[in-house]
>>> print(open('coords_12.pdb').read())   # PDB, C-alpha atoms, pLDDT in the B column
ATOM      1  CA  PRO E  26       6.350 -64.471  88.192  1.00 55.00           C
ATOM      2  CA  PRO E  27       5.794 -65.472  91.813  1.00 63.00           C
ATOM      3  CA  SER E  28       2.168 -65.020  92.667  1.00 66.00           C
ATOM      4  CA  ALA E  29       0.181 -64.901  95.871  1.00 67.00           C
ATOM      5  CA  ALA E  30      -1.874 -67.662  94.228  1.00 70.00           C
ATOM      6  CA  PRO E  31       0.558 -69.979  92.376  1.00 74.00           C
ATOM      7  CA  THR E  32      -1.183 -72.011  89.693  1.00 80.00           C
ATOM      8  CA  LEU E  33      -1.458 -75.767  89.511  1.00 84.00           C
ATOM      9  CA  SER E  34       0.026 -75.632  86.015  1.00 83.00           C
ATOM     10  CA  SER E  35       3.154 -73.846  87.340  1.00 81.00           C
ATOM     11  CA  ALA E  36       3.629 -76.510  89.998  1.00 86.00           C
ATOM     12  CA  LEU E  37       3.090 -79.326  87.483  1.00 86.00           C
ATOM     13  CA  HIS E  38       5.482 -77.746  85.001  1.00 82.00           C
ATOM     14  CA  LEU E  39       8.227 -77.452  87.615  1.00 85.00           C
ATOM     15  CA  LEU E  40       7.601 -81.047  88.717  1.00 87.00           C
ATOM     16  CA  ARG E  41       7.929 -82.229  85.085  1.00 83.00           C
ATOM     17  CA  CYS E  42      11.250 -80.399  84.814  1.00 80.00           C
ATOM     18  CA  LEU E  43      12.528 -81.944  88.033  1.00 82.00           C
ATOM     19  CA  ALA E  44      11.256 -85.422  87.100  1.00 80.00           C
ATOM     20  CA  ALA E  45      13.127 -85.196  83.791  1.00 75.00           C
ATOM     21  CA  ALA E  46      16.439 -85.220  85.648  1.00 75.00           C
ATOM     22  CA  PRO E  47      18.462 -88.356  84.980  1.00 74.00           C
ATOM     23  CA  PRO E  48      18.218 -90.908  87.839  1.00 76.00           C
ATOM     24  CA  SER E  49      21.867 -90.304  88.750  1.00 74.00           C
ATOM     25  CA  ALA E  50      21.338 -86.545  88.994  1.00 74.00           C
ATOM     26  CA  ALA E  51      20.628 -84.566  92.121  1.00 75.00           C
ATOM     27  CA  PRO E  52      17.798 -82.197  91.144  1.00 80.00           C
ATOM     28  CA  VAL E  53      17.893 -78.698  92.584  1.00 80.00           C
ATOM     29  CA  LEU E  54      15.084 -76.171  92.519  1.00 84.00           C
ATOM     30  CA  TRP E  55      16.592 -72.686  92.395  1.00 83.00           C
ATOM     31  CA  LEU E  56      14.283 -69.969  93.719  1.00 85.00           C
ATOM     32  CA  PRO E  57      15.464 -66.542  92.522  1.00 84.00           C
ATOM     33  CA  ASP E  58      13.801 -64.609  95.324  1.00 84.00           C
ATOM     34  CA  TRP E  59      15.907 -61.449  95.106  1.00 83.00           C
ATOM     35  CA  SER E  60      15.506 -61.349  91.324  1.00 83.00           C
ATOM     36  CA  ALA E  61      11.738 -61.592  91.850  1.00 81.00           C
ATOM     37  CA  PHE E  62      11.999 -58.720  94.317  1.00 80.00           C
ATOM     38  CA  SER E  63      13.993 -56.617  91.815  1.00 80.00           C
ATOM     39  CA  LEU E  64      11.252 -57.255  89.228  1.00 78.00           C
ATOM     40  CA  ASN E  65       8.490 -56.120  91.638  1.00 74.00           C
ATOM     41  CA  CYS E  66       6.782 -59.504  91.324  1.00 74.00           C
ATOM     42  CA  LEU E  67       4.826 -59.069  94.562  1.00 69.00           C
ATOM     43  CA  ALA E  68       5.166 -55.371  95.288  1.00 69.00           C
ATOM     44  CA  GLY E  69       2.786 -53.231  97.248  1.00 68.00           C
ATOM     45  CA  GLY E  70       3.844 -53.675 100.841  1.00 67.00           C
ATOM     46  CA  LYS E  71       4.450 -50.746 103.157  1.00 72.00           C
ATOM     47  CA  ALA E  72       8.192 -51.460 103.118  1.00 76.00           C
ATOM     48  CA  PRO E  73      10.651 -53.447 100.966  1.00 76.00           C
ATOM     49  CA  ALA E  74      10.800 -56.086 103.724  1.00 78.00           C
ATOM     50  CA  ASP E  75       7.069 -56.699 103.178  1.00 78.00           C
ATOM     51  CA  ASP E  76       7.670 -57.332  99.471  1.00 78.00           C
ATOM     52  CA  ARG E  77      10.562 -59.737 100.152  1.00 80.00           C
ATOM     53  CA  LYS E  78       8.377 -61.566 102.664  1.00 83.00           C
ATOM     54  CA  ALA E  79       5.577 -61.825 100.073  1.00 82.00           C
ATOM     55  CA  VAL E  80       7.966 -63.376  97.532  1.00 83.00           C
ATOM     56  CA  GLY E  81       9.178 -65.845 100.161  1.00 85.00           C
ATOM     57  CA  MET E  82       5.625 -66.787 101.116  1.00 86.00           C
ATOM     58  CA  ALA E  83       4.679 -67.252  97.450  1.00 85.00           C
ATOM     59  CA  HIS E  84       7.613 -69.645  97.053  1.00 87.00           C
ATOM     60  CA  GLU E  85       6.606 -71.507 100.234  1.00 90.00           C
ATOM     61  CA  LEU E  86       3.049 -71.854  98.929  1.00 89.00           C
ATOM     62  CA  LEU E  87       4.362 -73.191  95.609  1.00 89.00           C
ATOM     63  CA  LEU E  88       6.707 -75.648  97.366  1.00 92.00           C
ATOM     64  CA  SER E  89       3.899 -76.864  99.635  1.00 93.00           C
ATOM     65  CA  GLY E  90       1.707 -77.495  96.609  1.00 91.00           C
ATOM     66  CA  MET E  91       4.490 -79.362  94.826  1.00 92.00           C
ATOM     67  CA  ALA E  92       5.123 -81.503  97.917  1.00 95.00           C
ATOM     68  CA  ALA E  93       1.408 -82.322  98.162  1.00 95.00           C
ATOM     69  CA  ILE E  94       1.227 -83.303  94.476  1.00 95.00           C
ATOM     70  CA  ALA E  95       4.460 -85.310  94.274  1.00 94.00           C
ATOM     71  CA  PRO E  96       5.856 -86.015  97.743  1.00 94.00           C
ATOM     72  CA  GLU E  97       8.324 -88.695  96.601  1.00 91.00           C
ATOM     73  CA  GLU E  98       9.732 -86.509  93.804  1.00 88.00           C
ATOM     74  CA  MET E  99      10.170 -83.554  96.169  1.00 92.00           C
ATOM     75  CA  LYS E 100      12.081 -85.718  98.685  1.00 91.00           C
ATOM     76  CA  ARG E 101      14.959 -85.999  96.205  1.00 85.00           C
ATOM     77  CA  VAL E 102      14.949 -82.273  95.348  1.00 87.00           C
ATOM     78  CA  THR E 103      17.222 -79.751  97.028  1.00 85.00           C
ATOM     79  CA  VAL E 104      15.669 -76.291  97.258  1.00 88.00           C
ATOM     80  CA  MET E 105      18.117 -73.388  96.995  1.00 86.00           C
ATOM     81  CA  ARG E 106      17.149 -69.774  97.488  1.00 87.00           C
ATOM     82  CA  GLN E 107      19.073 -67.099  95.651  1.00 88.00           C
ATOM     83  CA  SER E 108      19.174 -64.888  98.755  1.00 89.00           C
ATOM     84  CA  GLU E 109      20.875 -67.628 100.782  1.00 89.00           C
ATOM     85  CA  ALA E 110      23.481 -68.170  98.063  1.00 85.00           C
ATOM     86  CA  ILE E 111      24.144 -64.444  97.823  1.00 88.00           C
ATOM     87  CA  LEU E 112      24.463 -63.986 101.569  1.00 89.00           C
ATOM     88  CA  SER E 113      26.909 -66.894 101.827  1.00 89.00           C
ATOM     89  CA  ASP E 114      29.495 -64.786  99.926  1.00 89.00           C
ATOM     90  CA  PRO E 115      27.976 -61.388  99.094  1.00 91.00           C
ATOM     91  CA  SER E 116      31.197 -59.626  98.147  1.00 92.00           C
ATOM     92  CA  ASN E 117      32.153 -62.127  95.438  1.00 88.00           C
ATOM     93  CA  TYR E 118      28.546 -62.396  94.244  1.00 88.00           C
ATOM     94  CA  TRP E 119      28.119 -58.657  93.654  1.00 91.00           C
ATOM     95  CA  ILE E 120      31.599 -58.391  92.122  1.00 90.00           C
ATOM     96  CA  SER E 121      30.476 -61.098  89.663  1.00 86.00           C
ATOM     97  CA  VAL E 122      27.299 -59.147  88.880  1.00 89.00           C
ATOM     98  CA  ILE E 123      29.340 -55.986  88.258  1.00 91.00           C
ATOM     99  CA  ASN E 124      31.898 -57.823  86.104  1.00 88.00           C
ATOM    100  CA  VAL E 125      29.159 -59.346  83.961  1.00 87.00           C
ATOM    101  CA  GLY E 126      27.623 -55.904  83.486  1.00 90.00           C
ATOM    102  CA  ARG E 127      30.990 -54.465  82.477  1.00 90.00           C
ATOM    103  CA  ALA E 128      31.640 -57.292  80.008  1.00 88.00           C
ATOM    104  CA  HIS E 129      28.403 -56.952  78.010  1.00 88.00           C
ATOM    105  CA  PRO E 130      26.683 -54.068  76.257  1.00 90.00           C
ATOM    106  CA  LEU E 131      23.317 -53.067  77.671  1.00 90.00           C
ATOM    107  CA  ASP E 132      21.520 -54.318  74.535  1.00 90.00           C
ATOM    108  CA  SER E 133      22.691 -57.895  75.089  1.00 88.00           C
ATOM    109  CA  ILE E 134      21.519 -57.792  78.704  1.00 88.00           C
ATOM    110  CA  ARG E 135      18.169 -56.262  77.750  1.00 88.00           C
ATOM    111  CA  ALA E 136      17.750 -59.002  75.110  1.00 87.00           C
ATOM    112  CA  CYS E 137      17.370 -61.549  77.923  1.00 84.00           C
ATOM    113  CA  ASP E 138      13.840 -60.272  78.581  1.00 82.00           C
ATOM    114  CA  PRO E 139      13.003 -57.635  75.946  1.00 83.00           C
ATOM    115  CA  ASP E 140       9.309 -57.429  76.931  1.00 79.00           C
ATOM    116  CA  ASN E 141      10.182 -56.277  80.439  1.00 75.00           C
ATOM    117  CA  GLU E 142      10.721 -52.515  80.480  1.00 80.00           C
ATOM    118  CA  GLN E 143      11.804 -52.228  84.134  1.00 81.00           C
ATOM    119  CA  VAL E 144      15.361 -51.437  85.155  1.00 84.00           C
ATOM    120  CA  GLY E 145      14.969 -54.385  87.511  1.00 83.00           C
ATOM    121  CA  GLN E 146      15.113 -56.627  84.412  1.00 84.00           C
ATOM    122  CA  VAL E 147      18.728 -55.605  83.817  1.00 88.00           C
ATOM    123  CA  ILE E 148      19.597 -56.272  87.456  1.00 88.00           C
ATOM    124  CA  SER E 149      17.735 -59.596  87.436  1.00 86.00           C
ATOM    125  CA  SER E 150      19.457 -60.734  84.225  1.00 86.00           C
ATOM    126  CA  LEU E 151      22.885 -59.839  85.625  1.00 88.00           C
ATOM    127  CA  MET E 152      22.025 -61.714  88.813  1.00 88.00           C
ATOM    128  CA  THR E 153      20.994 -64.779  86.781  1.00 85.00           C
ATOM    129  CA  VAL E 154      24.416 -64.766  85.095  1.00 83.00           C
ATOM    130  CA  ALA E 155      26.096 -64.563  88.511  1.00 84.00           C
ATOM    131  CA  ASP E 156      23.765 -67.325  89.755  1.00 85.00           C
ATOM    132  CA  ALA E 157      25.131 -69.568  87.001  1.00 81.00           C
ATOM    133  CA  LEU E 158      28.377 -69.747  88.975  1.00 76.00           C
ATOM    134  CA  ALA E 159      26.409 -71.775  91.523  1.00 72.00           C
ATOM    135  CA  PHE E 160      25.416 -74.178  88.739  1.00 72.00           C
ATOM    136  CA  ALA E 161      28.917 -74.599  87.332  1.00 72.00           C
ATOM    137  CA  ALA E 162      30.431 -78.021  87.869  1.00 70.00           C
ATOM    138  CA  PRO E 163      33.794 -79.639  87.252  1.00 70.00           C
ATOM    139  CA  SER E 164      34.343 -80.432  83.581  1.00 65.00           C
ATOM    140  CA  SER E 165      33.984 -84.142  84.391  1.00 65.00           C
ATOM    141  CA  HIS E 166      30.315 -83.634  85.326  1.00 69.00           C
ATOM    142  CA  ARG E 167      27.378 -82.395  83.334  1.00 61.00           C
ATOM    143  CA  THR E 168      24.984 -79.800  84.684  1.00 71.00           C
ATOM    144  CA  LEU E 169      21.693 -79.288  82.872  1.00 69.00           C
ATOM    145  CA  VAL E 170      19.600 -76.246  83.711  1.00 74.00           C
ATOM    146  CA  ALA E 171      15.921 -76.278  82.788  1.00 72.00           C
ATOM    147  CA  ALA E 172      14.801 -72.679  82.519  1.00 73.00           C
ATOM    148  CA  CYS E 173      12.061 -70.408  81.225  1.00 70.00           C
ATOM    149  CA  PRO E 174      12.930 -68.424  78.061  1.00 73.00           C
ATOM    150  CA  ALA E 175      14.107 -65.265  79.885  1.00 70.00           C
ATOM    151  CA  HIS E 176      16.316 -67.243  82.288  1.00 75.00           C
ATOM    152  CA  ALA E 177      17.553 -69.415  79.407  1.00 80.00           C
ATOM    153  CA  ARG E 178      18.666 -66.314  77.490  1.00 83.00           C
ATOM    154  CA  ALA E 179      20.449 -64.991  80.594  1.00 84.00           C
ATOM    155  CA  LEU E 180      22.105 -68.381  81.144  1.00 82.00           C
ATOM    156  CA  ARG E 181      23.266 -68.391  77.522  1.00 84.00           C
ATOM    157  CA  LEU E 182      24.741 -64.954  78.187  1.00 85.00           C
ATOM    158  CA  ALA E 183      26.501 -66.582  81.158  1.00 83.00           C
ATOM    159  CA  ALA E 184      27.891 -69.276  78.870  1.00 81.00           C
ATOM    160  CA  THR E 185      29.312 -66.578  76.593  1.00 83.00           C
ATOM    161  CA  TYR E 186      30.768 -64.749  79.566  1.00 84.00           C
ATOM    162  CA  PHE E 187      32.305 -67.866  81.112  1.00 82.00           C
ATOM    163  CA  GLY E 188      33.560 -69.063  77.729  1.00 79.00           C
ATOM    164  CA  SER E 189      35.693 -65.928  77.509  1.00 81.00           C
ATOM    165  CA  SER E 190      36.907 -66.150  81.119  1.00 79.00           C
ATOM    166  CA  GLN E 191      40.393 -67.523  81.606  1.00 80.00           C
ATOM    167  CA  ALA E 192      39.791 -67.930  85.353  1.00 78.00           C
ATOM    168  CA  PHE E 193      36.702 -70.052  84.682  1.00 78.00           C
ATOM    169  CA  ALA E 194      38.685 -72.298  82.312  1.00 78.00           C
ATOM    170  CA  GLU E 195      41.628 -72.552  84.740  1.00 85.00           C
ATOM    171  CA  ALA E 196      39.248 -73.652  87.497  1.00 82.00           C
ATOM    172  CA  GLY E 197      38.218 -76.578  85.255  1.00 81.00           C
ATOM    173  CA  LEU E 198      34.551 -75.697  85.378  1.00 79.00           C
ATOM    174  CA  ALA E 199      32.008 -76.625  82.736  1.00 75.00           C
ATOM    175  CA  VAL E 200      29.423 -74.143  81.544  1.00 72.00           C
ATOM    176  CA  PRO E 201      25.942 -75.489  82.334  1.00 74.00           C
ATOM    177  CA  ALA E 202      23.874 -76.758  79.412  1.00 75.00           C
ATOM    178  CA  VAL E 203      20.517 -74.980  79.097  1.00 75.00           C
ATOM    179  CA  ALA E 204      17.182 -76.532  78.164  1.00 72.00           C
ATOM    180  CA  GLU E 205      13.827 -74.810  77.744  1.00 71.00           C
ATOM    181  CA  PRO E 206      11.117 -77.305  78.718  1.00 66.00           C
ATOM    182  CA  GLU E 207       7.870 -77.160  76.795  1.00 63.00           C
ATOM    183  CA  GLY E 208       4.728 -76.025  78.547  1.00 54.00           C
ATOM    184  CA  GLU E 209       3.802 -73.047  80.656  1.00 46.00           C
ATOM    185  CA  SER E 210       6.561 -70.499  80.953  1.00 40.00           C
ATOM    186  CA  PHE E 211       7.613 -70.058  84.547  1.00 39.00           C
ATOM    187  CA  ARG E 212       9.673 -67.336  86.161  1.00 39.00           C
ATOM    188  CA  CYS E 213       9.277 -68.399  89.757  1.00 37.00           C
ATOM    189  CA  GLY E 214      12.148 -70.821  89.624  1.00 44.00           C
ATOM    190  CA  VAL E 215      14.836 -72.548  87.684  1.00 46.00           C
ATOM    191  CA  SER E 216      15.267 -76.266  88.081  1.00 44.00           C
ATOM    192  CA  ILE E 217      18.750 -77.644  87.870  1.00 45.00           C
ATOM    193  CA  CYS E 218      19.574 -81.224  87.106  1.00 42.00           C
ATOM    194  CA  GLY E 219      23.135 -82.119  87.784  1.00 40.00           C
ATOM    195  CA  PRO E 220      25.728 -83.273  88.061  1.00 39.00           C
ATOM    196  CA  GLY E 221      24.960 -86.514  86.369  1.00 38.00           C
TER
END
>>> encode(input="coords_12.pdb", output="structure tokens")
Amino acid sequence: PPSAAPTLSSALHLLRCLAAAPPSAAPVLWLPDWSAFSLNCLAGGKAPADDRKAVGMAHELLLSGMAAIAPEEMKRVTVMRQSEAILSDPSNYWISVINVGRAHPLDSIRACDPDNEQVGQVISSLMTVADALAFAAPSSHRTLVAACPAHARALRLAATYFGSSQAFAEAGLAVPAVAEPEGESFRCGVSICGPG
């Protein structure tokens, strides 16, 4: 999870994921800041705004470290924050979250991160499925998402959901392929390589 002291191994793992993108791809680093907030990753402030600020600062610290380690690699990376994507169209985003929740039994959502006993895990998993809409690309392109195990399970749930959606098929969108890179598990971000 995001930490006030991100580790070197987390930064290196994310950089390996981003560097694995094909040369023709446009790598994107997705920072699920509101999911981290829902999981209480950096809780303890006097107000919720303090906790959201702590998550944002943890991401900034991680990004600064990554830029110091691999400045050329980070120049080709687009950083996207979940909160910015949500706020660009909040109504449709939250409708997507609700629809995903209605389409799947609670057990399948809980299976995304069975070791996490917080209700925030359910919310975070549903948000990850809705986030996958941002990763979807026209069928003529390939999107590859490199994700930690919990995000990978949620993204596979998204693939199931989108596979049964007539609207998704009619829009000509391809479900993102999911890869779980080897190495340290990370929950502070999802790197996306695509289209390419």
>>> resolve_selection(input="coords_12.pdb", expression="the PyMOL selection byres ((chain E and resi 188-194) around 12)", output="PyMOL selection string")
chain E and resi 121+124-125+128-129+157-158+161-164+180-187+195-201
>>> resolve_selection(input="coords_12.pdb", expression="the PyMOL selection byres ((chain E and resi 150) around 9)", output="ChimeraX atom specification")
/E:60,134-135,137-138,145-149,151-155,175-176,178-180
>>> residues_near_point(input="coords_12.pdb", point="(7.1, -67.4, 99.9)", cutoff="12 Å", atoms="only C-alpha atoms", output="NGL selection string")
:E and (27-31 or 56-59 or 61-62 or 66-67 or 75-90 or 106 or 213-214)
>>> atom_distance(input="coords_12.pdb", atom1="atom CA of E:Met99", atom2="atom CA of E:Leu112")
24.8 Å
>>> atom_distance(input="coords_12.pdb", atom1="atom CA of E:Val102", atom2="atom CA of E:Pro52")
5.1 Å
>>> residues_around(input="coords_12.pdb", residues="E:Ala204", least_positions_apart="2", cutoff="7 Å", atoms="only C-alpha atoms", output="ChimeraX atom specification")
/E:170-172,202,206
>>> atom_distance(input="coords_12.pdb", atom1="atom CA of E:Cys173", atom2="atom CA of E:Pro48")
22.4 Å
>>> resolve_selection(input="coords_12.pdb", expression="the PyMOL selection byres ((chain E and resi 37) around 12)", output="PyMOL selection string")
chain E and resi 31-36+38-44+87-88+90-95+98-99+207-211
